[in-house]
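File shown: coords-v8.cif (mmCIF, C-alpha atoms).
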```
data_entry
loop_
_atom_site.label_atom_id
_atom_site.label_comp_id
_atom_site.auth_asym_id
_atom_site.auth_seq_id
_atom_site.Cartn_x
_atom_site.Cartn_y
_atom_site.Cartn_z
CA MET A 1 -30.32 7.79 -49.88
CA LEU A 2 -29.88 4.48 -48.05
CA THR A 3 -32.57 4.57 -45.35
CA ARG A 4 -33.38 2.32 -42.42
CA ARG A 5 -36.53 1.15 -44.19
CA THR A 6 -34.55 0.22 -47.31
CA LEU A 7 -32.04 -1.70 -45.23
CA LEU A 8 -34.72 -3.55 -43.27
CA ALA A 9 -36.47 -4.58 -46.47
CA ALA A 10 -33.22 -5.96 -47.89
CA MET A 11 -32.11 -7.84 -44.77
CA PRO A 12 -33.03 -11.42 -43.86
CA ALA A 13 -35.51 -11.68 -40.99
CA ALA A 14 -32.83 -12.95 -38.58
CA PHE A 15 -30.74 -9.81 -39.08
CA VAL A 16 -33.79 -7.57 -38.71
CA ARG A 17 -34.54 -9.18 -35.33
CA ALA A 18 -30.89 -8.79 -34.29
CA ALA A 19 -30.93 -5.13 -35.24
CA SER A 20 -34.16 -4.42 -33.40
CA THR A 21 -32.73 -5.85 -30.15
CA ARG A 22 -29.16 -4.65 -30.76
CA ALA A 23 -28.00 -8.22 -30.28
CA PRO A 24 -24.23 -8.77 -30.54
CA TYR A 25 -22.90 -10.06 -33.84
CA GLY A 26 -20.10 -12.54 -33.17
CA ALA A 27 -17.41 -11.77 -30.60
CA VAL A 28 -17.60 -8.43 -28.80
CA PRO A 29 -15.06 -6.45 -26.73
CA SER A 30 -14.94 -6.34 -22.95
CA GLU A 31 -15.08 -3.02 -21.11
CA ARG A 32 -11.29 -3.06 -20.64
CA GLN A 33 -10.82 -3.66 -24.38
CA LEU A 34 -13.18 -0.80 -25.23
CA ARG A 35 -11.08 1.54 -23.10
CA TRP A 36 -7.91 0.27 -24.79
CA HIS A 37 -9.36 0.91 -28.27
CA GLU A 38 -9.93 4.56 -27.33
CA LEU A 39 -6.22 5.13 -26.70
CA GLU A 40 -5.19 4.67 -30.38
CA THR A 41 -1.51 5.56 -29.84
CA THR A 42 0.77 4.70 -26.94
CA ALA A 43 4.53 4.77 -26.36
CA PHE A 44 7.10 2.12 -25.49
CA LEU A 45 10.23 2.96 -23.49
CA HIS A 46 13.05 0.42 -23.94
CA PHE A 47 15.56 1.33 -21.24
CA THR A 48 18.02 -0.81 -19.25
CA VAL A 49 21.73 -1.72 -19.07
CA ASN A 50 21.59 -2.33 -22.83
CA THR A 51 21.36 1.44 -23.23
CA PHE A 52 24.90 1.65 -21.82
CA THR A 53 26.42 -1.46 -23.44
CA ASP A 54 25.16 -0.66 -26.96
CA LYS A 55 23.37 -4.01 -27.17
CA GLU A 56 19.85 -5.00 -28.09
CA TRP A 57 19.77 -8.12 -25.89
CA GLY A 58 21.90 -8.19 -22.75
CA TYR A 59 23.47 -11.49 -21.72
CA GLY A 60 22.59 -11.17 -18.04
CA ASP A 61 26.10 -10.75 -16.65
CA GLU A 62 26.19 -6.95 -16.83
CA ASP A 63 27.42 -4.98 -13.82
CA PRO A 64 24.44 -3.06 -12.33
CA ASN A 65 26.72 -0.03 -11.98
CA LEU A 66 26.65 0.33 -15.75
CA PHE A 67 23.14 1.72 -15.39
CA ASN A 68 23.77 5.38 -14.59
CA PRO A 69 21.47 7.87 -16.37
CA ALA A 70 22.86 10.92 -14.63
CA ALA A 71 20.38 13.43 -16.09
CA PHE A 72 17.30 11.18 -15.93
CA ASP A 73 14.20 13.37 -16.20
CA PRO A 74 10.92 11.44 -16.32
CA ASP A 75 8.84 14.58 -16.83
CA ALA A 76 10.89 15.59 -19.86
CA ILE A 77 10.41 12.10 -21.33
CA VAL A 78 6.68 11.93 -20.71
CA SER A 79 5.97 15.50 -21.80
CA ALA A 80 7.59 14.75 -25.18
CA LEU A 81 5.35 11.70 -25.52
CA ALA A 82 2.30 13.77 -24.60
CA ALA A 83 3.26 16.33 -27.25
CA ALA A 84 3.11 13.52 -29.80
CA GLY A 85 -0.46 12.73 -28.75
CA MET A 86 0.41 9.53 -26.89
CA ARG A 87 -2.21 8.47 -24.37
CA GLY A 88 -0.21 5.86 -22.53
CA VAL A 89 3.36 4.67 -21.96
CA ILE A 90 4.74 1.17 -21.34
CA LEU A 91 8.14 0.73 -19.69
CA THR A 92 10.45 -2.28 -20.07
CA CYS A 93 10.66 -2.82 -16.33
CA LYS A 94 12.77 -5.94 -16.96
CA HIS A 95 14.16 -7.02 -20.33
CA HIS A 96 15.73 -10.40 -21.16
CA ASP A 97 18.96 -9.50 -19.31
CA GLY A 98 17.02 -9.66 -16.03
CA PHE A 99 18.03 -6.19 -14.76
CA CYS A 100 15.06 -4.72 -12.87
CA LEU A 101 14.39 -0.99 -13.05
CA TRP A 102 12.75 -1.01 -9.62
CA PRO A 103 14.17 -2.09 -6.23
CA THR A 104 12.71 -5.58 -6.28
CA ALA A 105 13.01 -8.00 -3.39
CA THR A 106 13.33 -10.95 -5.79
CA THR A 107 16.90 -10.42 -7.05
CA ASP A 108 20.01 -8.32 -6.47
CA HIS A 109 20.22 -7.62 -10.21
CA SER A 110 18.39 -4.31 -10.04
CA VAL A 111 18.74 -0.57 -9.53
CA ARG A 112 19.15 -1.29 -5.83
CA SER A 113 22.65 -2.66 -6.62
CA SER A 114 23.56 0.27 -8.85
CA SER A 115 25.51 3.35 -7.83
CA TRP A 116 22.86 5.41 -9.62
CA ARG A 117 21.21 7.54 -6.94
CA SER A 118 23.17 5.53 -4.36
CA GLY A 119 21.00 2.48 -4.94
CA LYS A 120 17.83 4.34 -3.99
CA GLY A 121 16.56 5.06 -7.49
CA ASP A 122 13.35 3.63 -8.91
CA VAL A 123 12.75 4.17 -12.63
CA VAL A 124 9.32 2.55 -12.50
CA ARG A 125 8.20 4.88 -9.71
CA ALA A 126 9.57 7.96 -11.44
CA LEU A 127 7.97 7.25 -14.81
CA SER A 128 4.63 6.03 -13.44
CA ASP A 129 4.32 9.22 -11.37
CA ALA A 130 5.34 11.39 -14.34
CA ALA A 131 2.78 9.64 -16.54
CA ARG A 132 0.02 10.50 -14.10
CA ARG A 133 1.17 14.11 -13.87
CA HIS A 134 0.90 14.40 -17.66
CA LYS A 135 -2.37 12.43 -17.81
CA LEU A 136 -0.92 9.41 -19.62
CA LYS A 137 -1.78 5.87 -18.60
CA PHE A 138 1.08 3.66 -17.43
CA GLY A 139 1.83 0.06 -18.42
CA VAL A 140 4.51 -2.52 -17.65
CA TYR A 141 6.61 -4.88 -19.77
CA LEU A 142 8.11 -7.80 -17.83
CA SER A 143 10.17 -10.24 -19.88
CA PRO A 144 9.33 -13.88 -19.15
CA TRP A 145 12.93 -14.78 -20.05
CA ASP A 146 15.66 -13.89 -17.56
CA ARG A 147 19.27 -14.49 -18.64
CA ASN A 148 20.58 -13.48 -15.24
CA SER A 149 18.57 -15.64 -12.85
CA PRO A 150 20.07 -19.00 -11.76
CA ARG A 151 16.49 -20.18 -11.24
CA TYR A 152 15.41 -19.75 -14.86
CA GLY A 153 14.12 -23.07 -16.21
CA THR A 154 12.98 -24.31 -12.79
CA PRO A 155 9.57 -23.99 -11.09
CA GLU A 156 11.14 -21.55 -8.62
CA TYR A 157 11.67 -19.01 -11.42
CA VAL A 158 7.97 -18.99 -12.32
CA ALA A 159 7.20 -18.16 -8.69
CA MET A 160 9.83 -15.40 -8.83
CA TYR A 161 8.35 -14.02 -12.04
CA ARG A 162 4.93 -13.82 -10.46
CA ALA A 163 6.42 -12.14 -7.40
CA GLN A 164 7.98 -9.50 -9.66
CA LEU A 165 4.67 -9.03 -11.43
CA THR A 166 2.93 -8.67 -8.08
CA GLU A 167 5.35 -5.92 -7.04
CA LEU A 168 4.72 -4.03 -10.27
CA LEU A 169 0.96 -4.39 -10.08
CA THR A 170 0.60 -3.38 -6.42
CA ARG A 171 3.12 -0.57 -5.91
CA TYR A 172 2.71 1.78 -8.86
CA GLY A 173 -0.96 2.66 -9.12
CA PRO A 174 -3.37 1.78 -11.94
CA ILE A 175 -1.82 -0.20 -14.82
CA PHE A 176 -3.52 -0.06 -18.22
CA GLU A 177 -1.55 -2.80 -20.02
CA VAL A 178 0.65 -5.73 -19.04
CA TRP A 179 3.01 -6.73 -21.85
CA HIS A 180 4.46 -10.24 -22.24
CA ASP A 181 7.21 -10.79 -24.80
CA GLY A 182 7.50 -14.04 -26.75
CA ALA A 183 11.26 -14.57 -26.18
CA ASN A 184 11.70 -17.82 -24.27
CA GLY A 185 15.04 -19.35 -23.29
CA GLY A 186 18.46 -19.72 -24.88
CA ASP A 187 22.02 -18.80 -23.96
CA GLY A 188 22.48 -16.83 -20.75
CA PHE A 189 24.56 -16.09 -17.67
CA TYR A 190 22.12 -17.80 -15.30
CA GLY A 191 24.01 -16.92 -12.14
CA GLY A 192 27.35 -17.98 -13.56
CA ALA A 193 26.31 -21.25 -15.21
CA ARG A 194 26.81 -19.68 -18.65
CA GLU A 195 24.80 -22.23 -20.55
CA LYS A 196 21.85 -22.69 -22.83
CA ARG A 197 18.52 -23.39 -21.17
CA THR A 198 15.49 -24.51 -23.11
CA ILE A 199 11.97 -24.58 -21.73
CA ASP A 200 8.62 -25.79 -23.08
CA LYS A 201 7.06 -22.41 -23.81
CA ARG A 202 3.61 -23.99 -24.05
CA THR A 203 3.60 -25.26 -20.48
CA TYR A 204 6.54 -23.87 -18.45
CA TYR A 205 5.07 -20.50 -17.50
CA ASP A 206 1.52 -21.76 -16.85
CA TRP A 207 0.21 -18.56 -18.38
CA PRO A 208 -3.46 -18.99 -17.34
CA THR A 209 -2.41 -18.83 -13.67
CA THR A 210 -0.27 -15.74 -14.29
CA TRP A 211 -3.09 -14.04 -16.17
CA ASP A 212 -5.47 -14.84 -13.30
CA LEU A 213 -3.02 -13.01 -11.05
CA VAL A 214 -3.13 -9.94 -13.30
CA ARG A 215 -6.92 -10.02 -13.31
CA LYS A 216 -6.92 -10.16 -9.49
CA LEU A 217 -4.41 -7.34 -8.97
CA GLN A 218 -5.27 -5.06 -11.91
CA PRO A 219 -8.71 -6.05 -13.26
CA GLU A 220 -8.87 -3.01 -15.56
CA ALA A 221 -5.56 -3.80 -17.32
CA VAL A 222 -5.47 -5.44 -20.74
CA ILE A 223 -2.99 -8.29 -21.18
CA PHE A 224 -0.86 -8.37 -24.33
CA SER A 225 0.99 -11.31 -25.87
CA ASP A 226 1.14 -13.17 -29.19
CA VAL A 227 -2.15 -14.77 -28.14
CA GLY A 228 -3.74 -12.13 -25.90
CA PRO A 229 -5.88 -12.81 -23.92
CA ASP A 230 -6.94 -9.18 -24.47
CA VAL A 231 -4.64 -7.76 -27.15
CA ARG A 232 -2.66 -9.65 -29.80
CA TRP A 233 0.68 -8.97 -31.43
CA VAL A 234 0.19 -7.82 -35.02
CA GLY A 235 2.76 -10.36 -36.24
CA ASN A 236 5.55 -7.95 -37.25
CA GLU A 237 7.70 -5.23 -35.71
CA ARG A 238 7.15 -2.78 -38.57
CA GLY A 239 4.08 -1.18 -37.02
CA ILE A 240 1.79 -2.20 -39.88
CA ALA A 241 -1.58 -3.91 -39.54
CA GLY A 242 -3.16 -6.09 -42.18
CA ASP A 243 -5.71 -4.70 -44.59
CA PRO A 244 -8.23 -5.82 -43.57
CA CYS A 245 -7.38 -6.12 -39.87
CA TRP A 246 -10.20 -7.90 -38.08
CA ALA A 247 -10.47 -7.51 -34.32
CA THR A 248 -11.57 -11.12 -34.03
CA TYR A 249 -8.96 -13.87 -33.98
CA ASP A 250 -8.38 -17.50 -33.00
CA PRO A 251 -4.62 -17.96 -32.51
CA VAL A 252 -3.07 -21.26 -33.59
CA GLY A 253 0.39 -22.58 -32.74
CA ALA A 254 3.10 -22.67 -35.39
CA ASP A 255 2.58 -26.45 -35.73
CA GLY A 256 -1.19 -26.12 -35.89
CA GLY A 257 -1.69 -27.03 -32.23
CA PRO A 258 -2.55 -24.80 -29.26
CA ALA A 259 -0.93 -21.37 -29.35
CA SER A 260 1.03 -19.70 -26.56
CA PRO A 261 3.25 -16.61 -26.19
CA GLY A 262 6.20 -17.20 -28.49
CA ASP A 263 4.41 -19.96 -30.39
CA VAL A 264 1.81 -18.70 -32.83
CA ARG A 265 1.17 -18.86 -36.56
CA ASP A 266 2.10 -15.19 -36.88
CA LYS A 267 1.39 -14.96 -40.61
CA GLU A 268 -2.29 -14.88 -39.63
CA SER A 269 -1.86 -12.22 -36.95
CA PRO A 270 -1.86 -9.07 -39.19
CA ALA A 271 -5.33 -9.73 -40.61
CA GLY A 272 -6.91 -11.77 -37.82
CA HIS A 273 -9.91 -13.94 -38.63
CA ARG A 274 -13.14 -12.48 -39.96
CA HIS A 275 -15.34 -14.73 -37.84
CA GLY A 276 -12.94 -15.56 -35.03
CA SER A 277 -14.51 -16.57 -31.74
CA LYS A 278 -12.43 -14.14 -29.63
CA TRP A 279 -12.31 -10.34 -29.65
CA LEU A 280 -8.52 -10.04 -29.82
CA PRO A 281 -7.52 -6.75 -31.50
CA ALA A 282 -4.03 -6.06 -32.86
CA GLU A 283 -1.35 -3.83 -31.39
CA CYS A 284 1.32 -2.61 -33.82
CA ASP A 285 4.69 -2.26 -32.08
CA VAL A 286 7.50 -0.46 -33.89
CA SER A 287 10.53 1.60 -32.90
CA ILE A 288 11.21 5.17 -33.94
CA ARG A 289 14.79 3.94 -34.56
CA PRO A 290 16.13 0.79 -36.26
CA GLY A 291 16.81 -0.76 -32.83
CA TRP A 292 14.65 -1.00 -29.73
CA PHE A 293 17.30 0.44 -27.41
CA TRP A 294 19.16 3.71 -27.89
CA HIS A 295 22.33 3.58 -29.97
CA GLU A 296 24.25 6.74 -30.80
CA LYS A 297 24.98 5.56 -34.34
CA GLU A 298 21.22 5.54 -35.01
CA ASN A 299 20.73 9.23 -34.25
CA VAL A 300 20.74 9.88 -38.00
CA ARG A 301 18.18 7.12 -38.64
CA VAL A 302 15.24 8.33 -36.58
CA LYS A 303 11.94 7.96 -38.40
CA THR A 304 10.76 11.20 -39.94
CA PRO A 305 7.38 12.76 -39.17
CA ALA A 306 6.18 11.64 -42.60
CA GLN A 307 7.14 8.05 -41.81
CA LEU A 308 5.34 8.19 -38.46
CA ILE A 309 2.24 9.60 -40.12
CA ASP A 310 2.29 6.80 -42.68
CA LEU A 311 2.57 4.24 -39.86
CA TYR A 312 -0.37 5.89 -38.11
CA TYR A 313 -2.62 5.35 -41.11
CA LYS A 314 -1.40 1.76 -41.53
CA SER A 315 -2.04 0.85 -37.90
CA VAL A 316 -4.59 3.09 -36.18
CA GLY A 317 -6.19 3.77 -39.55
CA ARG A 318 -6.86 0.04 -39.99
CA GLY A 319 -8.46 -0.45 -36.59
CA ALA A 320 -5.37 -1.45 -34.60
CA ASN A 321 -3.46 0.53 -31.97
CA LEU A 322 0.03 1.91 -32.51
CA LEU A 323 2.71 1.28 -29.86
CA LEU A 324 5.69 3.45 -30.80
CA ASN A 325 8.99 2.80 -29.06
CA VAL A 326 11.08 5.87 -28.20
CA PRO A 327 14.17 4.74 -26.25
CA PRO A 328 15.81 7.04 -23.67
CA ASN A 329 19.52 7.69 -24.15
CA ARG A 330 22.41 7.31 -21.67
CA ASP A 331 21.59 10.63 -20.04
CA GLY A 332 18.13 9.34 -19.22
CA LEU A 333 16.43 11.62 -21.74
CA LEU A 334 14.91 11.31 -25.19
CA SER A 335 17.35 12.45 -27.85
CA ALA A 336 16.65 15.73 -29.63
CA GLU A 337 16.12 13.96 -32.97
CA ASP A 338 13.39 11.77 -31.50
CA VAL A 339 11.70 14.67 -29.71
CA ALA A 340 11.57 16.77 -32.89
CA SER A 341 10.00 13.95 -34.88
CA LEU A 342 7.48 13.24 -32.11
CA LYS A 343 6.44 16.88 -31.92
CA ALA A 344 5.85 17.15 -35.66
CA PHE A 345 3.86 13.90 -35.56
CA GLY A 346 1.66 15.29 -32.81
CA ASP A 347 1.26 18.64 -34.54
CA TYR A 348 0.07 16.88 -37.70
CA ARG A 349 -2.55 14.85 -35.89
CA ARG A 350 -3.88 17.84 -33.99
CA ALA A 351 -4.03 19.98 -37.14
CA THR A 352 -5.80 17.25 -39.10
CA PHE A 353 -8.22 15.77 -36.58
CA ALA A 354 -8.98 18.58 -34.14
CA LYS A 355 -12.06 19.48 -36.17
CA SER A 356 -13.82 17.77 -39.03
CA VAL A 357 -14.90 19.68 -42.12
CA ALA A 358 -18.12 17.63 -42.10
CA GLU A 359 -19.51 14.65 -40.24
CA ALA A 360 -22.57 12.53 -39.65
CA LYS A 361 -23.23 10.59 -36.47
CA GLY A 362 -25.29 7.47 -35.98
CA ARG A 363 -26.81 5.69 -38.96
CA VAL A 364 -26.90 8.66 -41.33
CA THR A 365 -25.20 7.54 -44.53
CA GLU A 366 -25.42 10.65 -46.66
CA LEU A 367 -23.91 14.09 -46.14
CA ARG A 368 -25.77 17.04 -47.72
CA LEU A 369 -23.80 20.20 -47.01
CA LYS A 370 -24.74 23.86 -47.44
CA HIS A 371 -21.52 24.50 -49.34
CA GLU A 372 -18.64 22.58 -50.81
CA VAL A 373 -15.84 21.34 -48.57
CA THR A 374 -12.39 20.08 -49.46
CA PHE A 375 -10.95 17.06 -47.67
CA ASN A 376 -8.54 14.17 -48.15
CA VAL A 377 -9.10 12.02 -45.03
CA ILE A 378 -12.24 10.04 -44.24
CA ARG A 379 -12.92 8.52 -40.82
CA LEU A 380 -15.44 5.76 -40.26
CA THR A 381 -16.30 4.02 -36.99
CA GLU A 382 -18.59 1.18 -36.00
CA ASP A 383 -20.39 0.64 -32.72
CA ILE A 384 -18.12 -2.25 -31.77
CA ARG A 385 -20.04 -2.93 -28.57
CA TYR A 386 -22.24 -5.04 -30.83
CA GLY A 387 -19.44 -6.67 -32.82
CA GLN A 388 -17.63 -6.00 -36.06
CA ARG A 389 -20.38 -6.10 -38.68
CA VAL A 390 -19.15 -4.35 -41.81
CA ASP A 391 -17.20 -6.24 -44.50
CA GLY A 392 -17.12 -3.58 -47.18
CA VAL A 393 -17.91 0.09 -47.79
CA ALA A 394 -17.65 2.63 -50.58
CA ILE A 395 -17.74 6.43 -50.46
CA ASP A 396 -19.20 8.45 -53.33
CA ARG A 397 -19.47 12.15 -54.13
CA TRP A 398 -22.18 13.81 -56.21
CA THR A 399 -20.78 15.52 -59.29
CA SER A 400 -24.01 17.40 -60.26
CA GLU A 401 -24.89 14.65 -62.73
CA ASP A 402 -24.17 11.35 -61.03
CA TRP A 403 -22.42 9.64 -58.13
CA GLU A 404 -18.68 9.13 -58.45
CA GLN A 405 -16.91 6.57 -56.25
CA ILE A 406 -13.86 8.07 -54.51
CA ALA A 407 -12.86 5.37 -52.01
CA THR A 408 -13.51 1.84 -50.77
CA ALA A 409 -12.53 -0.13 -47.68
CA THR A 410 -13.14 -3.50 -46.07
CA SER A 411 -13.09 -3.72 -42.27
CA ILE A 412 -14.01 -0.73 -40.10
CA GLY A 413 -14.17 -1.86 -36.48
CA PRO A 414 -13.17 0.82 -33.93
CA ARG A 415 -12.01 3.07 -36.77
CA ARG A 416 -11.04 3.18 -40.42
CA LEU A 417 -9.03 6.11 -41.76
CA ILE A 418 -8.93 6.50 -45.52
CA ARG A 419 -6.24 8.89 -46.74
CA LEU A 420 -6.96 9.92 -50.33
CA ASP A 421 -4.22 10.45 -52.90
CA ARG A 422 -5.47 13.97 -53.57
CA PRO A 423 -7.96 16.42 -52.03
CA VAL A 424 -11.59 16.08 -53.04
CA THR A 425 -14.17 18.87 -53.10
CA ALA A 426 -17.89 18.13 -52.74
CA ALA A 427 -21.12 19.32 -51.14
CA ARG A 428 -22.87 15.97 -51.16
CA LEU A 429 -21.41 12.57 -50.25
CA ARG A 430 -22.70 9.18 -49.33
CA LEU A 431 -21.43 6.11 -47.56
CA ARG A 432 -22.49 2.79 -49.06
CA VAL A 433 -22.20 -0.32 -46.94
CA THR A 434 -21.59 -2.88 -49.65
CA THR A 435 -21.36 -5.97 -47.45
CA SER A 436 -22.61 -6.28 -43.87
CA ALA A 437 -24.65 -8.45 -41.54
CA TRP A 438 -26.32 -5.30 -40.20
CA PRO A 439 -24.31 -2.07 -40.21
CA MET A 440 -24.11 -0.02 -37.04
CA ILE A 441 -22.08 2.97 -38.21
CA ASN A 442 -21.16 5.46 -35.49
CA GLU A 443 -19.37 8.09 -37.54
CA PHE A 444 -18.78 9.23 -41.11
CA ALA A 445 -16.46 12.25 -40.96
CA LEU A 446 -14.24 14.23 -43.32
CA PHE A 447 -10.94 15.91 -42.49
CA ALA A 448 -8.36 18.03 -44.28
CA GLU A 449 -4.62 17.60 -43.77
CA PRO A 450 -2.71 20.82 -43.08
CA LYS A 451 -1.03 22.38 -46.07
CA ASN A 452 2.76 22.22 -46.01
#
```
Represent the structure of the file as structure tokens.
Amino acid sequence: MLTRRTLLAAMPAAFVRAASTRAPYGAVPSERQLRWHELETTAFLHFTVNTFTDKEWGYGDEDPNLFNPAAFDPDAIVSALAAAGMRGVILTCKHHDGFCLWPTATTDHSVRSSSWRSGKGDVVRALSDAARRHKLKFGVYLSPWDRNSPRYGTPEYVAMYRAQLTELLTRYGPIFEVWHDGANGGDGFYGGAREKRTIDKRTYYDWPTTWDLVRKLQPEAVIFSDVGPDVRWVGNERGIAGDPCWATYDPVGADGGPASPGDVRDKESPAGHRHGSKWLPAECDVSIRPGWFWHEKENVRVKTPAQLIDLYYKSVGRGANLLLNVPPNRDGLLSAEDVASLKAFGDYRRATFAKSVAEAKGRVTELRLKHEVTFNVIRLTEDIRYGQRVDGVAIDRWTSEDWEQIATATSIGPRRLIRLDRPVTAARLRLRVTTSAWPMINEFALFAEPKN
């Protein structure tokens, strides 16, 4: 058995001192990041005039009256997300078309100008309240690009953007995540100009000032973009993290210079950087459908429960968080196909992870059980308050004659889920940390998937 004494004897003196004082190893998460890590899975709701025009990106000249979800039921939407095990929901309060789903004072291009609910509707209010009723956290997506606004490309637009952000962060209760897209400029309506507008995405938005505003108004919220500052984009829209996926990362611009939202060397985002100077964990965004907005023709292409489960292991199972988009339809509801897949996804997770078949907490690295257990999922966690320390692990089972290796992994971080190809039966197992500065393992647990 790998004991504390054995580890101490094998470690350099510097690591022994670090362990004895629980000194951080490299970058460590903030309190808001620690809370975000605990969520694991959250939902995205892409919903706007695009839902009614059958487009992915609106041009900005859409009639607000197009937005008319006559059967809109926020509780039905959120309850379906809760059934899938989602712990938070982020709404596209304004997409690139500039249409605002709340009655903003900054523009007429909003629900206030729609005939829906006689101009008195507020999608943000309805969904934020429903999220609280169902015990889900609520987050906001506010596109930096606005194809409707005549002010886009001028300093006045940046002030307008911050005014919109202020409304969202002061009117709708606690916000757990603020999401900034990387789309920046191009063709648009722009108040009738109908032209192409290009901005310097590195400097135009003055992101540090905007992020300071978020910190002031919602200090507990994490901020997401290609470059953080709290949560990074994983670098793809397939919902898949790198393997390994380090929580530490130093973003670099596409040209090797400073990075900014919309300008990052995204090929490095899936894996991160092993010894990056910033704790900047990955969020894996993916849609349950081929598109981000609802399209009737995609009703037959909704991801199956098996596909969602596979994405879960390739995102959450690699230490990232999964952000699954489930777009409401024109009625203002989630389609039956999406709801069925979500429910089965949630049922699987509850059946698998509600109770372990065996586990060890703290620094125990060997499991000696009174009887054999059968499992096919292994969960490992580190105490990330002190950094990401483990570079490699192996799991062995005792076969009555010798140890047999059954699995290996690299990074652990907040969690590592190892899904075996076939069930394994054993009464004695051990976890070997093959490479580490000083391991601080929180959990070594075994689970069994439900039988079909």
Within 9 Å of segment 282-297 of chain A using all atoms listed in the file, minus same-chain residues under 6 positions, as number ranges by chain:
A: 44-48, 50-52, 54-56, 224, 231-241, 245-247, 269-272, 303-304, 308, 315-316, 319-330, 335, 338, 341
How many Å separate atom CA of Ile441 of chain A from atom CA of Arg350 of chain A?
23.9 Å
Starting from the PyMOL selection byres ((chain A and resi 183) around 7), expand the selection into actual residues of this file and give them as a PyMOL selection string.
chain A and resi 145+181-182+184-185+262
Point-to-point distance in Å for atom CA of Ala43 of chain A and atom CA of Arg87 of chain A:
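Interatomic distance, atom CA of Arg87 of chain A to atom CA of Ala43 of chain A: 7.9 Å.
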Where does the PyMOL selection byres ((chain A and resi 62) around 12) land in this file, that is, which residues does it pick, as a PDB file with C-alpha atoms, in the frame of the given file?
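The resulting file, part_20.pdb, is reproduced below:
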```pdb
ATOM      1  CA  THR A  48      18.020  -0.810 -19.250  1.00  0.00           C
ATOM      2  CA  VAL A  49      21.730  -1.720 -19.070  1.00  0.00           C
ATOM      3  CA  ASN A  50      21.590  -2.330 -22.830  1.00  0.00           C
ATOM      4  CA  THR A  51      21.360   1.440 -23.230  1.00  0.00           C
ATOM      5  CA  PHE A  52      24.900   1.650 -21.820  1.00  0.00           C
ATOM      6  CA  THR A  53      26.420  -1.460 -23.440  1.00  0.00           C
ATOM      7  CA  ASP A  54      25.160  -0.660 -26.960  1.00  0.00           C
ATOM      8  CA  LYS A  55      23.370  -4.010 -27.170  1.00  0.00           C
ATOM      9  CA  TRP A  57      19.770  -8.120 -25.890  1.00  0.00           C
ATOM     10  CA  GLY A  58      21.900  -8.190 -22.750  1.00  0.00           C
ATOM     11  CA  TYR A  59      23.470 -11.490 -21.720  1.00  0.00           C
ATOM     12  CA  GLY A  60      22.590 -11.170 -18.040  1.00  0.00           C
ATOM     13  CA  ASP A  61      26.100 -10.750 -16.650  1.00  0.00           C
ATOM     14  CA  ASP A  63      27.420  -4.980 -13.820  1.00  0.00           C
ATOM     15  CA  PRO A  64      24.440  -3.060 -12.330  1.00  0.00           C
ATOM     16  CA  ASN A  65      26.720  -0.030 -11.980  1.00  0.00           C
ATOM     17  CA  LEU A  66      26.650   0.330 -15.750  1.00  0.00           C
ATOM     18  CA  PHE A  67      23.140   1.720 -15.390  1.00  0.00           C
ATOM     19  CA  HIS A  96      15.730 -10.400 -21.160  1.00  0.00           C
ATOM     20  CA  ASP A  97      18.960  -9.500 -19.310  1.00  0.00           C
ATOM     21  CA  GLY A  98      17.020  -9.660 -16.030  1.00  0.00           C
ATOM     22  CA  PHE A  99      18.030  -6.190 -14.760  1.00  0.00           C
ATOM     23  CA  HIS A 109      20.220  -7.620 -10.210  1.00  0.00           C
ATOM     24  CA  SER A 110      18.390  -4.310 -10.040  1.00  0.00           C
ATOM     25  CA  SER A 113      22.650  -2.660  -6.620  1.00  0.00           C
ATOM     26  CA  SER A 114      23.560   0.270  -8.850  1.00  0.00           C
ATOM     27  CA  ARG A 147      19.270 -14.490 -18.640  1.00  0.00           C
ATOM     28  CA  ASN A 148      20.580 -13.480 -15.240  1.00  0.00           C
ATOM     29  CA  GLY A 188      22.480 -16.830 -20.750  1.00  0.00           C
ATOM     30  CA  PHE A 189      24.560 -16.090 -17.670  1.00  0.00           C
ATOM     31  CA  TYR A 190      22.120 -17.800 -15.300  1.00  0.00           C
ATOM     32  CA  GLY A 191      24.010 -16.920 -12.140  1.00  0.00           C
ATOM     33  CA  GLY A 192      27.350 -17.980 -13.560  1.00  0.00           C
TER      34      GLY A 192
END
```
In terms of the shortest atom-to-atom distance over only C-alpha atoms, which of A:Asp206, A:Ala344, A:Arg428, A:Tyr157 is closest to His371 of chain A?
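Distance minimum relative to His371 of chain A lands on A:Arg428.
Nearest residue to Glu449 of chain A among A:Arg419, A:Lys267, A:Arg397, A:Arg35 is A:Arg419, counting only C-alpha atoms.
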Between A:Lys94, A:Arg379, A:Arg389, A:Arg171, which is the closest to Thr352 of chain A once you count all atoms listed in the file?
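Checking each of A:Lys94, A:Arg379, A:Arg389, A:Arg171 against Thr352 of chain A, counting all atoms listed in the file, the winner is A:Arg379.
The residues returned by the PyMOL selection byres ((chain A and resi 253) around 12) on the shown structure are Lys201, Arg202, Asp226, Val227, Asp250, Pro251, Val252, Ala254, Asp255, Gly256, Gly257, Pro258, Ala259, Ser260, Pro261, Gly262, Asp263, Val264, Arg265, Asp266, Lys267, Glu268 and Ser269 of chain A.
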Neighbours of Gly317 of chain A within 7 Å (only C-alpha atoms; same-chain residues fewer than 4 positions away dropped), as an NGL selection string?
:A and (312-313 or 415-417)
What separates atom CA of Asp331 of chain A and atom CA of Thr107 of chain A is a distance of 25.2 Å
